[in-house]
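Peer 1: I am sharing upload.cif, which consists of mmCIF, C-alpha atoms:
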data_input
loop_
_atom_site.label_atom_id
_atom_site.label_comp_id
_atom_site.auth_asym_id
_atom_site.auth_seq_id
_atom_site.Cartn_x
_atom_site.Cartn_y
_atom_site.Cartn_z
CA MET A 1 0.00 0.00 0.00
CA SER A 2 1.43 3.38 -0.98
CA GLY A 3 1.86 6.17 1.56
CA LEU A 4 -0.95 8.14 -0.04
CA GLU A 5 -3.32 5.18 -0.07
CA GLN A 6 -2.69 4.61 3.61
CA ILE A 7 -3.30 8.28 4.43
CA ILE A 8 -6.58 8.33 2.47
CA ARG A 9 -7.86 5.25 4.30
CA GLU A 10 -6.81 6.66 7.64
CA LYS A 11 -8.45 10.07 7.07
CA LEU A 12 -11.71 8.55 5.82
CA ALA A 13 -11.78 6.29 8.87
CA ASN A 14 -11.05 9.15 11.27
CA GLY A 15 -13.56 11.91 10.70
CA SER A 16 -13.05 13.13 7.14
CA ASP A 17 -16.13 12.79 4.91
CA ALA A 18 -14.19 13.02 1.66
CA PHE A 19 -10.63 13.17 0.36
CA LEU A 20 -9.56 15.38 -2.55
CA CYS A 21 -6.43 14.44 -4.50
CA LEU A 22 -5.47 13.30 -7.98
CA LYS A 23 -5.94 9.87 -9.50
CA ASN A 24 -4.57 8.07 -12.50
CA GLN A 25 -7.35 7.71 -15.03
CA ALA A 26 -6.34 5.95 -18.25
CA GLY A 27 -2.82 7.30 -17.93
CA VAL A 28 -3.65 10.90 -17.06
CA SER A 29 -3.88 12.60 -13.67
CA VAL A 30 -7.23 14.17 -12.86
CA PRO A 31 -8.61 15.46 -9.56
CA VAL A 32 -10.82 13.02 -7.69
CA LEU A 33 -13.06 13.32 -4.63
CA ILE A 34 -13.07 10.06 -2.72
CA THR A 35 -16.13 9.78 -0.48
CA SER A 36 -16.02 6.15 0.62
CA PRO A 37 -13.34 3.89 2.12
CA ASP A 38 -14.57 1.25 -0.35
CA SER A 39 -13.92 3.44 -3.39
CA GLU A 40 -11.81 1.83 -6.11
CA ASP A 41 -10.29 5.26 -6.72
CA ILE A 42 -8.16 4.89 -3.57
CA GLU A 43 -5.92 2.37 -5.32
CA VAL A 44 -5.26 4.70 -8.27
CA ALA A 45 -4.87 7.86 -6.18
CA GLU A 46 -1.57 9.59 -6.92
CA LEU A 47 0.28 12.82 -6.36
CA GLY A 48 0.64 13.30 -10.11
CA GLU A 49 2.97 15.60 -11.98
CA VAL A 50 0.27 18.06 -13.04
CA ARG A 51 -1.48 20.61 -10.88
CA TYR A 52 -5.11 21.65 -10.81
CA PRO A 53 -6.81 24.59 -9.04
CA LEU A 54 -7.91 22.53 -6.02
CA GLY A 55 -8.92 25.74 -4.20
CA LYS A 56 -11.61 26.37 -6.81
CA ILE A 57 -12.97 22.86 -6.37
CA LEU A 58 -12.95 23.22 -2.56
CA ILE A 59 -14.79 26.57 -2.70
CA ALA A 60 -17.55 24.97 -4.77
CA LEU A 61 -17.69 21.91 -2.48
CA GLN A 62 -17.83 23.98 0.73
CA LYS A 63 -20.50 26.22 -0.76
CA GLU A 64 -22.79 23.27 -1.48
CA HIS A 65 -21.80 21.25 1.59
CA PRO A 66 -20.70 23.69 4.29
CA ASP A 67 -20.62 21.10 7.08
CA THR A 68 -18.55 18.53 5.24
CA ARG A 69 -15.12 17.76 6.63
CA LEU A 70 -12.71 17.49 3.73
CA ALA A 71 -9.17 16.20 3.61
CA VAL A 72 -6.98 17.42 0.77
CA VAL A 73 -3.46 16.90 -0.51
CA VAL A 74 -1.62 20.23 -0.70
CA ARG A 75 1.57 21.40 -2.33
CA GLY A 76 3.18 24.67 -1.25
CA CYS A 77 1.13 26.68 -3.74
CA ASP A 78 -2.15 24.99 -2.73
CA GLU A 79 -1.49 25.81 0.92
CA ARG A 80 -0.75 29.45 0.13
CA ALA A 81 -3.94 29.63 -1.93
CA PHE A 82 -6.08 28.06 0.80
CA ILE A 83 -4.66 30.37 3.48
CA GLU A 84 -5.30 33.47 1.39
CA LEU A 85 -8.77 32.24 0.37
CA SER A 86 -9.61 31.71 4.02
CA LYS A 87 -8.62 35.29 4.85
CA LEU A 88 -10.81 36.42 1.96
CA GLU A 89 -13.63 34.37 3.52
CA GLN A 90 -13.91 31.93 0.64
CA LEU A 91 -12.70 28.80 2.42
CA ASP A 92 -13.22 27.47 5.94
CA LEU A 93 -9.86 26.04 7.02
CA ASP A 94 -11.42 24.62 10.20
CA LYS A 95 -13.27 22.09 8.04
CA LEU A 96 -10.16 21.17 6.05
CA VAL A 97 -7.43 18.69 6.86
CA MET A 98 -4.35 19.43 4.77
CA ILE A 99 -1.87 16.68 3.95
CA GLY A 100 1.36 18.36 2.87
CA VAL A 101 3.32 17.23 -0.17
CA ALA A 102 6.73 18.66 -1.03
CA CYS A 103 7.44 19.09 -4.74
CA THR A 104 10.31 16.96 -6.00
CA PRO A 105 13.56 18.79 -6.90
CA GLU A 106 12.69 18.36 -10.60
CA GLU A 107 9.18 19.74 -10.14
CA ALA A 108 10.47 22.64 -8.05
CA GLU A 109 13.13 23.47 -10.63
CA ALA A 110 10.67 23.30 -13.54
CA CYS A 111 8.10 25.45 -11.74
CA GLY A 112 10.41 28.02 -10.17
CA CYS A 113 8.27 28.93 -7.15
CA ALA A 114 10.08 30.26 -4.10
CA LYS A 115 8.55 27.82 -1.62
CA PRO A 116 7.80 24.46 -3.25
CA TYR A 117 6.53 22.88 -0.02
CA PRO A 118 3.80 23.50 2.56
CA GLU A 119 4.55 24.16 6.26
CA ASP A 120 3.96 20.58 7.36
CA VAL A 121 5.23 17.99 4.93
CA THR A 122 3.86 14.44 5.18
CA LEU A 123 4.92 13.14 1.78
CA GLY A 124 8.25 13.96 0.13
CA GLU A 125 11.23 16.02 1.25
CA LYS A 126 11.43 19.82 1.41
CA VAL A 127 13.74 21.32 -1.21
CA GLU A 128 14.65 24.98 -1.43
CA ASN A 129 14.38 26.69 -4.76
CA PRO A 130 16.71 29.67 -5.13
CA ARG A 131 15.99 30.14 -8.83
CA GLY A 132 14.10 33.26 -9.85
CA LEU A 133 12.16 33.78 -13.04
CA GLU A 134 14.56 34.36 -15.88
CA THR A 135 12.07 36.62 -17.65
CA ILE A 136 11.98 39.08 -14.75
CA GLU A 137 15.75 39.48 -14.77
CA ARG A 138 15.66 40.06 -18.52
CA LEU A 139 12.81 42.58 -18.20
CA GLU A 140 14.61 44.52 -15.51
CA SER A 141 17.60 45.01 -17.74
CA MET A 142 15.42 46.74 -20.36
CA SER A 143 14.58 50.43 -20.58
CA ASP A 144 10.96 51.45 -19.88
CA SER A 145 10.13 51.85 -23.54
CA GLU A 146 11.81 48.57 -24.51
CA ARG A 147 9.90 46.79 -21.77
CA MET A 148 6.60 48.37 -22.86
CA GLN A 149 7.24 47.24 -26.42
CA TRP A 150 8.14 43.73 -25.25
CA TRP A 151 4.89 43.38 -23.27
CA LYS A 152 2.92 44.88 -26.13
CA GLU A 153 4.19 42.16 -28.43
CA GLU A 154 3.54 39.42 -25.89
CA PHE A 155 -0.01 40.62 -25.20
CA SER A 156 -0.78 41.06 -28.89
CA ARG A 157 -1.25 37.27 -29.00
CA CYS A 158 -4.00 37.33 -26.32
CA ILE A 159 -7.20 35.71 -27.61
CA LYS A 160 -9.14 36.82 -24.51
CA CYS A 161 -10.06 33.27 -23.55
CA TYR A 162 -10.19 34.30 -19.87
CA GLY A 163 -8.28 31.10 -19.12
CA CYS A 164 -5.85 32.93 -16.80
CA ARG A 165 -8.79 34.09 -14.72
CA ASN A 166 -10.77 30.86 -14.96
CA ILE A 167 -7.94 28.62 -13.80
CA CYS A 168 -6.74 31.05 -11.10
CA PRO A 169 -7.40 29.62 -7.63
CA MET A 170 -7.54 33.19 -6.29
CA CYS A 171 -10.20 34.45 -8.72
CA PHE A 172 -13.66 34.01 -7.24
CA CYS A 173 -15.56 37.29 -7.83
CA LYS A 174 -19.08 36.98 -9.22
CA ASP A 175 -18.73 40.26 -11.11
CA CYS A 176 -15.37 40.35 -12.87
CA SER A 177 -13.88 43.68 -13.95
CA LEU A 178 -12.65 41.96 -17.10
CA GLU A 179 -16.27 41.45 -18.16
CA ASN A 180 -17.32 45.02 -17.37
CA PRO A 181 -18.05 46.65 -20.76
CA HIS A 182 -17.08 50.07 -19.36
CA LEU A 183 -13.57 48.78 -18.66
CA VAL A 184 -13.11 46.17 -21.39
CA GLU A 185 -14.72 46.58 -24.77
CA PRO A 186 -16.63 43.41 -25.64
CA GLY A 187 -15.81 41.56 -28.83
CA VAL A 188 -12.33 43.06 -29.36
CA ILE A 189 -9.31 40.78 -29.80
CA PRO A 190 -6.61 41.30 -28.72
CA PRO A 191 -7.99 43.25 -25.77
CA GLU A 192 -6.86 46.81 -25.26
CA PHE A 193 -3.21 47.13 -24.26
CA PRO A 194 -2.20 47.53 -21.51
CA SER A 195 -5.50 48.08 -19.63
CA PHE A 196 -6.89 44.52 -19.81
CA HIS A 197 -3.78 42.94 -18.35
CA ILE A 198 -3.15 45.78 -15.89
CA ILE A 199 -6.68 45.34 -14.50
CA ARG A 200 -5.98 41.70 -13.84
CA ALA A 201 -2.50 42.35 -12.47
CA LEU A 202 -3.89 44.92 -10.00
CA ASP A 203 -6.61 42.50 -8.90
CA MET A 204 -3.84 39.98 -8.21
CA ALA A 205 -1.95 42.36 -5.89
CA GLY A 206 -1.95 40.84 -2.41
CA ARG A 207 -3.68 37.76 -3.75
CA CYS A 208 -1.43 36.01 -6.27
CA ILE A 209 0.30 33.08 -4.60
CA ASP A 210 2.59 32.38 -7.59
CA CYS A 211 1.26 28.95 -8.53
CA GLY A 212 1.81 29.64 -12.23
CA LEU A 213 -1.40 27.93 -13.36
CA CYS A 214 -2.32 31.04 -15.41
CA GLU A 215 0.81 30.81 -17.50
CA GLU A 216 0.41 27.03 -17.89
CA SER A 217 -3.14 27.50 -19.18
CA CYS A 218 -2.44 30.32 -21.61
CA PRO A 219 -2.97 29.10 -25.18
CA ALA A 220 -0.90 32.06 -26.42
CA GLU A 221 2.01 31.27 -24.09
CA ILE A 222 2.11 34.78 -22.65
CA PRO A 223 4.58 34.95 -19.71
CA LEU A 224 1.83 36.08 -17.32
CA ARG A 225 3.62 34.83 -14.27
CA SER A 226 6.37 37.39 -14.68
CA LEU A 227 3.80 40.18 -14.49
CA TYR A 228 2.13 38.86 -11.36
CA ARG A 229 5.47 37.89 -9.78
CA LYS A 230 6.59 41.50 -10.20
CA MET A 231 3.34 42.57 -8.56
CA GLN A 232 4.15 40.23 -5.67
CA GLU A 233 7.62 41.76 -5.33
CA ILE A 234 6.12 45.25 -5.16
CA MET A 235 3.62 44.10 -2.50
CA ALA A 236 6.45 42.60 -0.45
CA ASP A 237 8.73 45.59 -0.88
CA LYS A 238 6.26 48.46 -0.42
CA LEU A 239 3.62 46.94 1.86
CA ASP A 240 5.57 44.10 3.47
CA TYR A 241 2.86 41.58 2.50
CA ARG A 242 3.25 38.11 1.01
CA ALA A 243 0.00 36.42 -0.01
CA GLY A 244 -0.60 33.04 1.60
CA GLU A 245 2.25 33.31 4.09
CA SER A 246 0.59 34.21 7.39
CA ARG A 247 -2.74 32.78 8.53
CA ASP A 248 -3.68 35.87 10.56
CA GLU A 249 -2.27 38.93 8.83
CA LYS A 250 -4.74 40.19 6.24
CA SER A 251 -3.74 41.75 2.93
CA PRO A 252 -3.34 45.54 3.39
CA LEU A 253 -5.44 45.92 0.25
CA SER A 254 -8.38 44.06 1.78
CA PHE A 255 -9.35 46.54 4.53
CA LEU A 256 -9.64 50.27 5.11
CA GLY A 257 -7.93 52.25 7.85
CA GLU A 258 -4.54 53.03 9.22
CA GLU A 259 -3.36 49.49 9.76
CA ALA A 260 -1.52 49.41 6.46
CA GLU A 261 1.85 51.07 6.44
CA ILE A 262 3.52 51.96 3.17
CA LYS A 263 7.24 51.26 3.33
CA ASN A 264 10.25 52.02 1.19
CA LEU A 265 8.59 54.76 -0.87
CA GLU A 266 11.22 56.64 -2.76
CA MET B 1 -21.64 13.00 6.64
CA SER B 2 -23.52 16.21 5.84
CA GLU B 3 -27.27 16.51 5.31
CA LYS B 4 -27.05 15.53 1.64
CA ASP B 5 -24.60 13.19 -0.03
CA LEU B 6 -21.84 14.96 -1.83
CA SER B 7 -20.30 13.82 -5.05
CA TYR B 8 -17.84 15.51 -7.34
CA GLU B 9 -16.63 13.88 -10.51
CA LEU B 10 -14.49 14.99 -13.42
CA ILE B 11 -15.39 13.30 -16.69
CA PRO B 12 -12.65 13.47 -19.35
CA SER B 13 -14.12 14.47 -22.70
CA THR B 14 -13.32 16.29 -25.92
CA CYS B 15 -14.53 19.82 -26.52
CA ALA B 16 -17.29 19.61 -29.11
CA TYR B 17 -17.04 23.15 -30.46
CA CYS B 18 -14.56 22.60 -33.28
CA GLY B 19 -12.40 19.97 -34.89
CA THR B 20 -9.24 20.70 -32.86
CA GLY B 21 -10.19 18.21 -30.19
CA CYS B 22 -9.07 19.90 -26.98
CA GLY B 23 -9.20 17.86 -23.78
CA VAL B 24 -11.76 18.98 -21.23
CA LEU B 25 -12.75 17.65 -17.84
CA LEU B 26 -16.47 18.08 -17.24
CA GLU B 27 -17.17 18.90 -13.60
CA VAL B 28 -20.21 17.11 -12.25
CA MET B 29 -21.22 18.12 -8.72
CA ASP B 30 -24.03 16.25 -6.99
CA GLY B 31 -25.09 14.83 -10.35
CA ARG B 32 -25.27 18.17 -12.14
CA LEU B 33 -22.83 19.46 -14.76
CA SER B 34 -21.32 22.51 -13.07
CA GLY B 35 -18.25 23.52 -15.03
CA VAL B 36 -15.26 22.60 -17.13
CA LEU B 37 -11.51 22.41 -16.54
CA PRO B 38 -8.77 22.00 -19.13
CA GLN B 39 -7.15 18.55 -19.08
CA LYS B 40 -3.61 19.34 -18.04
CA ASP B 41 -1.52 16.80 -19.92
CA HIS B 42 -3.73 16.42 -22.98
CA PRO B 43 -1.71 15.66 -26.14
CA VAL B 44 -3.63 18.21 -28.25
CA SER B 45 -4.45 21.12 -25.98
CA LYS B 46 -1.73 20.70 -23.31
CA GLY B 47 -3.84 22.19 -20.54
CA ALA B 48 -5.12 25.22 -22.44
CA LEU B 49 -8.58 26.04 -23.79
CA CYS B 50 -10.09 28.88 -25.78
CA LEU B 51 -13.10 30.92 -24.71
CA LYS B 52 -15.48 28.41 -26.27
CA GLY B 53 -13.76 25.47 -24.62
CA TRP B 54 -14.00 27.15 -21.23
CA SER B 55 -17.74 27.56 -21.72
CA SER B 56 -18.34 24.30 -23.56
CA HIS B 57 -20.62 23.01 -20.79
CA GLU B 58 -22.99 25.97 -20.80
CA PHE B 59 -25.39 24.89 -23.53
CA VAL B 60 -26.34 21.68 -21.76
CA TYR B 61 -28.99 23.19 -19.48
CA SER B 62 -29.85 26.11 -21.79
CA PRO B 63 -33.62 26.61 -22.03
CA ARG B 64 -33.02 27.53 -25.68
CA ARG B 65 -31.51 24.13 -26.47
CA LEU B 66 -33.61 22.03 -28.88
CA ASP B 67 -34.16 18.58 -27.44
CA LYS B 68 -36.83 17.46 -29.91
CA PRO B 69 -36.95 17.67 -33.71
CA MET B 70 -39.16 20.36 -35.22
CA ILE B 71 -40.95 20.58 -38.56
CA ARG B 72 -41.98 23.88 -40.05
CA LYS B 73 -45.73 23.75 -40.57
CA ASP B 74 -47.39 26.78 -42.17
CA GLY B 75 -44.16 28.69 -41.57
CA VAL B 76 -44.02 27.89 -37.85
CA PRO B 77 -41.59 25.31 -36.34
CA VAL B 78 -43.61 22.69 -34.47
CA GLU B 79 -42.18 19.96 -32.20
CA CYS B 80 -42.60 16.43 -33.51
CA GLU B 81 -41.41 12.88 -32.92
CA TRP B 82 -38.23 11.57 -34.54
CA GLU B 83 -40.12 9.12 -36.74
CA GLU B 84 -42.14 11.90 -38.35
CA ALA B 85 -39.06 14.10 -38.78
CA LEU B 86 -37.02 11.34 -40.42
CA LYS B 87 -39.92 10.54 -42.75
CA VAL B 88 -40.11 14.17 -43.91
CA VAL B 89 -36.33 14.25 -44.51
CA ALA B 90 -36.30 10.92 -46.37
CA GLU B 91 -39.18 11.96 -48.61
CA GLY B 92 -37.55 15.32 -49.33
CA LEU B 93 -34.22 13.71 -50.25
CA GLN B 94 -35.90 11.11 -52.48
CA LYS B 95 -37.98 13.76 -54.23
CA ALA B 96 -34.97 15.98 -54.94
CA ARG B 97 -32.89 13.08 -56.26
CA ASN B 98 -35.68 11.59 -58.39
CA GLU B 99 -36.66 14.89 -59.95
CA HIS B 100 -33.23 16.57 -60.35
CA GLY B 101 -30.59 13.82 -60.02
CA PRO B 102 -28.16 12.94 -57.18
CA ASP B 103 -26.06 16.11 -57.58
CA ALA B 104 -29.09 18.20 -56.66
CA VAL B 105 -28.50 17.01 -53.10
CA GLY B 106 -25.72 18.21 -50.81
CA PHE B 107 -24.56 16.99 -47.41
CA PHE B 108 -23.21 19.17 -44.69
CA THR B 109 -21.30 17.53 -41.85
CA SER B 110 -19.95 19.09 -38.71
CA ALA B 111 -16.83 19.32 -36.63
CA ARG B 112 -19.13 18.83 -33.66
CA CYS B 113 -19.91 15.27 -34.74
CA THR B 114 -17.65 12.30 -34.16
CA ASN B 115 -15.37 10.85 -36.86
CA GLU B 116 -17.72 7.89 -37.11
CA GLU B 117 -20.79 10.07 -37.63
CA ASN B 118 -18.98 12.09 -40.30
CA TYR B 119 -17.85 8.88 -41.99
CA LEU B 120 -21.41 7.58 -42.02
CA LEU B 121 -22.77 10.75 -43.55
CA GLN B 122 -20.30 10.82 -46.44
CA LYS B 123 -20.92 7.10 -46.99
CA PHE B 124 -24.63 7.77 -47.13
CA ALA B 125 -24.05 10.64 -49.59
CA ARG B 126 -21.86 8.61 -51.92
CA ALA B 127 -23.29 5.08 -51.67
CA VAL B 128 -26.98 5.75 -51.12
CA ILE B 129 -27.69 9.07 -52.81
CA GLY B 130 -24.79 8.94 -55.28
CA THR B 131 -23.19 12.35 -54.95
CA ASN B 132 -19.81 13.72 -53.87
CA ASN B 133 -21.43 16.91 -52.56
CA VAL B 134 -20.08 16.64 -49.02
CA ASP B 135 -18.87 19.64 -47.07
CA HIS B 136 -18.54 20.70 -43.47
CA CYS B 137 -19.15 23.67 -41.20
CA ALA B 138 -15.49 24.51 -40.66
CA ARG B 139 -15.34 25.84 -44.27
CA LEU B 140 -18.04 28.43 -43.62
#
I need this file expressed as structure tokens, please.
Peer 2:
Amino acid sequence: MSGLEQIIREKLANGSDAFLCLKNQAGVSVPVLITSPDSEDIEVAELGEVRYPLGKILIALQKEHPDTRLAVVVRGCDERAFIELSKLEQLDLDKLVMIGVACTPEEAEACGCAKPYPEDVTLGEKVENPRGLETIERLESMSDSERMQWWKEEFSRCIKCYGCRNICPMCFCKDCSLENPHLVEPGVIPPEFPSFHIIRALDMAGRCIDCGLCEESCPAEIPLRSLYRKMQEIMADKLDYRAGESRDEKSPLSFLGEEAEIKNLE
Amino acid sequence: MSEKDLSYELIPSTCAYCGTGCGVLLEVMDGRLSGVLPQKDHPVSKGALCLKGWSSHEFVYSPRRLDKPMIRKDGVPVECEWEEALKVVAEGLQKARNEHGPDAVGFFTSARCTNEENYLLQKFARAVIGTNNVDHCARL
């Protein structure tokens, strides 16, 4: 019996109503919700090499079944997402049991996130990931006008599929600014530069947990992560806030008042 | 367990909107189709979808979706049974072919049908009616 299989059986026997993880289905990894200790899915449950927006699935599940106790396998990015979603009152962490999985060195290297492991790791070994995003370094060496031109070219491929928003675990608004006809003209492709992408980038400030699912899902291969990663850097530098890091400290952009302190303004 | 049984399934499928064949996972929550996710390691779409793929589940419960055949009677479409509809089509096809020859009939297939359905339609056009007039919606 694999470690994961054993954990699933143990959680379902000890108070969890359902277990969310991935399973191998005809050779591909897809998310699965296991609701019974007799489920055949337990034997094909796996950590998988692909990632899905589990936060989105959990939000929908908790909305329909608020009293259900769910257990879920989390990587570092999932944990950051769940923590931030809880502070934004979208997820109830008290009803969640998180089983931590550290990304393998290969996965961490390929992804490039700064913390490829959750706080408590049950499966795998923590590896540090000192690598930054190459694109950001390249962009920072450009002049403002060069950089503007570079982004303009990248965004000219946008087909406005909304995939970056749809896959984003941190996007949950019912009314999305990107569908507001006063801000984004309907029926125009590519969308207006730079407003469309700036709107989304600003909405990601204090929220983006750098999972990279947006970039993975972009059919035009736009390096979206570099934009949001830069936004993260600004949040950390100016407002000393890192989304998904602390369970108590709320994003300074999520409340009014004097609690937020702007630092390092030139 | 909570007051009602929960179930959440992802059904791998192929987006039906065009002939590209992108991999989708249909989200079914408590027995109802609730959304769609891109299939991450799909050989065609590699985890990406277009706008139509992302909304490819929406028509299923649309009140505007036709779920019965309709025949235009006195200029107004009226719901009917399949038997009656197929009879009208068969008679129309026979009449056109008998009066004007096989090339008076054309067949229009669709990227939204399966390979097998498209194969059948062209076979029907060529072997039964006797025409090579076969085209498809992606050339519109």
Peer 1: Which chain B residues are at most 7 Å from chain A (counting all atoms listed in the file), as a PyMOL selection string?
Peer 2: chain B and resi 1-2+8-9+40-41+47-51
Peer 1: Could you spell out the hits of the PyMOL selection byres ((chain B and resi 91-107) around 8) on the shown file, as a list in words?
Peer 2: Lys87, Val88, Val89, Ala90, Phe108, Thr109, Leu121, Gln122, Ala125, Ile129, Gly130, Thr131, Asn132, Asn133, Val134 and Asp135 of chain B
Peer 1: By how many Å are atom CA of Ile99 of chain A and atom CA of Ala71 of chain A apart?
Peer 2: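 Atom-to-atom, atom CA of Ile99 of chain A and atom CA of Ala71 of chain A are spaced 7.3 Å apart.
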Peer 1: List the residues selected by the PyMOL selection byres ((chain A and resi 244) around 9) in the file shown, writing them as a VMD selection string.
Peer 2: chain A and resid 77 79 to 85 87 206 to 209 242 to 243 245 to 247
Peer 1: For a quick check of understanding, using all atoms listed in the file, which of B:Gly23, B:Pro77, B:Pro63, B:Pro69 has the smallest distance to Val36 of chain B?
Peer 2: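 Using all atoms listed in the file, Val36 of chain B sits closest to B:Gly23.
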Peer 1: Could you state the separation of atom CA of Val44 of chain A and atom CA of Leu91 of chain A in Å, given to one decimal place?
Peer 2: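 Going from atom CA of Val44 of chain A over to atom CA of Leu91 of chain A covers 27.4 Å.
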Peer 1: With only C-alpha atoms as the basis for distance, which of B:His136, B:Arg65, B:Arg126, B:Lys73 is at the shortest distance from Arg112 of chain B?
Peer 2: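 Smallest distance to Arg112 of chain B is found for B:His136.
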Peer 1: Excluding same-chain residues fewer than 4 positions from segment 20-22 of chain B, what lies within 6 Å of it counting all atoms listed in the file, as a PyMOL selection string?
Peer 2: chain B and resi 14-15+44-45
Peer 1: Taking (-27.6, 23.5, -16.8) in the coordinates of the supplied file, I want to know which residues reach to within 10 Å of it, counting only C-alpha atoms; could you give the answer as a ChimeraX atom specification?
Peer 2: /B:32-35,57-63
Peer 1: List the residues selected by the PyMOL selection byres ((chain B and resi 13) around 6) in the file shown, writing them as a list of chain:residue names.
Peer 2: B:Pro12, B:Thr14, B:Val24, B:Leu25
Peer 1: Give the answer as one residue: which of A:Gln232, A:Thr122, A:Ser226, A:Ser254 has the shortest atom-to-atom distance to Leu139 of chain A, using all atoms listed in the file?
Peer 2: A:Ser226
Peer 1: Let me make sure I understand: among A:Ile199, A:Pro223, A:His182, A:Val101, which one has the smallest atom-to-atom distance to Glu153 of chain A if we use only C-alpha atoms?
Peer 2: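 Nearest to Glu153 of chain A: A:Pro223.
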Peer 1: What is the atom CA of Tyr17 of chain B to atom CA of Phe124 of chain B distance in Å?
Peer 2: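 About the pair atom CA of Tyr17 of chain B and atom CA of Phe124 of chain B: they are 23.9 Å apart.
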Peer 1: To test the calculation: enclose all listed atoms of segment 156-163 of chain A in a box whose edges run along x, y and z, add 3 Å on each side, then state centre and edge lengths in Å to one decimal, as JSON.
Peer 2:
{"center_x": -5.5, "center_y": 36.1, "center_z": -24.1, "size_x": 15.4, "size_y": 16.0, "size_z": 15.9}
Peer 1: Measuring between only C-alpha atoms, which one of A:Gly48, A:Pro186, A:Gly76, A:Pro37 shows the shortest distance to Ile7 of chain A?
Peer 2: A:Pro37
Peer 1: Could you give me, as a list in words, the residues that have an atom at most 9 Å away from the point (-10.3, 44.3, -9.1) in the coordinates of the file, using all atoms listed in the file?
Peer 2: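 Checked against the point, the hits come out as Cys173, Cys176, Ser177, Leu178, Ile199, Arg200, Ala201, Leu202, Asp203 and Met204 of chain A.
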Peer 1: Output C-alpha atoms of each residue in that selection to a file, as a PDB file, in the frame of the given file.
Peer 2:
ATOM      1  CA  CYS A 173     -15.560  37.290  -7.830  1.00  0.00           C
ATOM      2  CA  CYS A 176     -15.370  40.350 -12.870  1.00  0.00           C
ATOM      3  CA  SER A 177     -13.880  43.680 -13.950  1.00  0.00           C
ATOM      4  CA  LEU A 178     -12.650  41.960 -17.100  1.00  0.00           C
ATOM      5  CA  ILE A 199      -6.680  45.340 -14.500  1.00  0.00           C
ATOM      6  CA  ARG A 200      -5.980  41.700 -13.840  1.00  0.00           C
ATOM      7  CA  ALA A 201      -2.500  42.350 -12.470  1.00  0.00           C
ATOM      8  CA  LEU A 202      -3.890  44.920 -10.000  1.00  0.00           C
ATOM      9  CA  ASP A 203      -6.610  42.500  -8.900  1.00  0.00           C
ATOM     10  CA  MET A 204      -3.840  39.980  -8.210  1.00  0.00           C
TER      11      MET A 204
END
Peer 1: For segment 89-101 of chain B, where the input has fewer atoms than it should, I would like N, CA and C atoms rebuilt and written as a short mmCIF file (atom, residue, chain, number, x, y, z; two decimals), in the frame of the given file.
Peer 2:
data_model
loop_
_atom_site.label_atom_id
_atom_site.label_comp_id
_atom_site.auth_asym_id
_atom_site.auth_seq_id
_atom_site.Cartn_x
_atom_site.Cartn_y
_atom_site.Cartn_z
N VAL B 89 -37.66 14.09 -43.91
CA VAL B 89 -36.33 14.25 -44.51
C VAL B 89 -36.13 13.24 -45.63
N ALA B 90 -36.48 11.99 -45.37
CA ALA B 90 -36.30 10.92 -46.37
C ALA B 90 -37.10 11.22 -47.63
N GLU B 91 -38.33 11.64 -47.44
CA GLU B 91 -39.18 11.96 -48.61
C GLU B 91 -38.62 13.13 -49.39
N GLY B 92 -38.12 14.14 -48.68
CA GLY B 92 -37.55 15.32 -49.33
C GLY B 92 -36.32 14.95 -50.15
N LEU B 93 -35.45 14.12 -49.56
CA LEU B 93 -34.22 13.71 -50.25
C LEU B 93 -34.56 12.89 -51.50
N GLN B 94 -35.50 11.95 -51.35
CA GLN B 94 -35.90 11.11 -52.48
C GLN B 94 -36.48 11.96 -53.61
N LYS B 95 -37.31 12.91 -53.24
CA LYS B 95 -37.98 13.76 -54.23
C LYS B 95 -36.94 14.57 -55.01
N ALA B 96 -35.99 15.16 -54.28
CA ALA B 96 -34.97 15.98 -54.94
C ALA B 96 -34.13 15.13 -55.88
N ARG B 97 -33.74 13.94 -55.43
CA ARG B 97 -32.89 13.08 -56.26
C ARG B 97 -33.65 12.58 -57.47
N ASN B 98 -34.91 12.13 -57.27
CA ASN B 98 -35.68 11.59 -58.39
C ASN B 98 -35.99 12.64 -59.44
N GLU B 99 -36.25 13.85 -58.98
CA GLU B 99 -36.66 14.89 -59.95
C GLU B 99 -35.47 15.59 -60.59
N HIS B 100 -34.35 15.75 -59.83
CA HIS B 100 -33.23 16.57 -60.35
C HIS B 100 -31.90 15.84 -60.39
N GLY B 101 -31.84 14.58 -60.00
CA GLY B 101 -30.59 13.82 -60.02
C GLY B 101 -29.84 13.93 -58.71
#
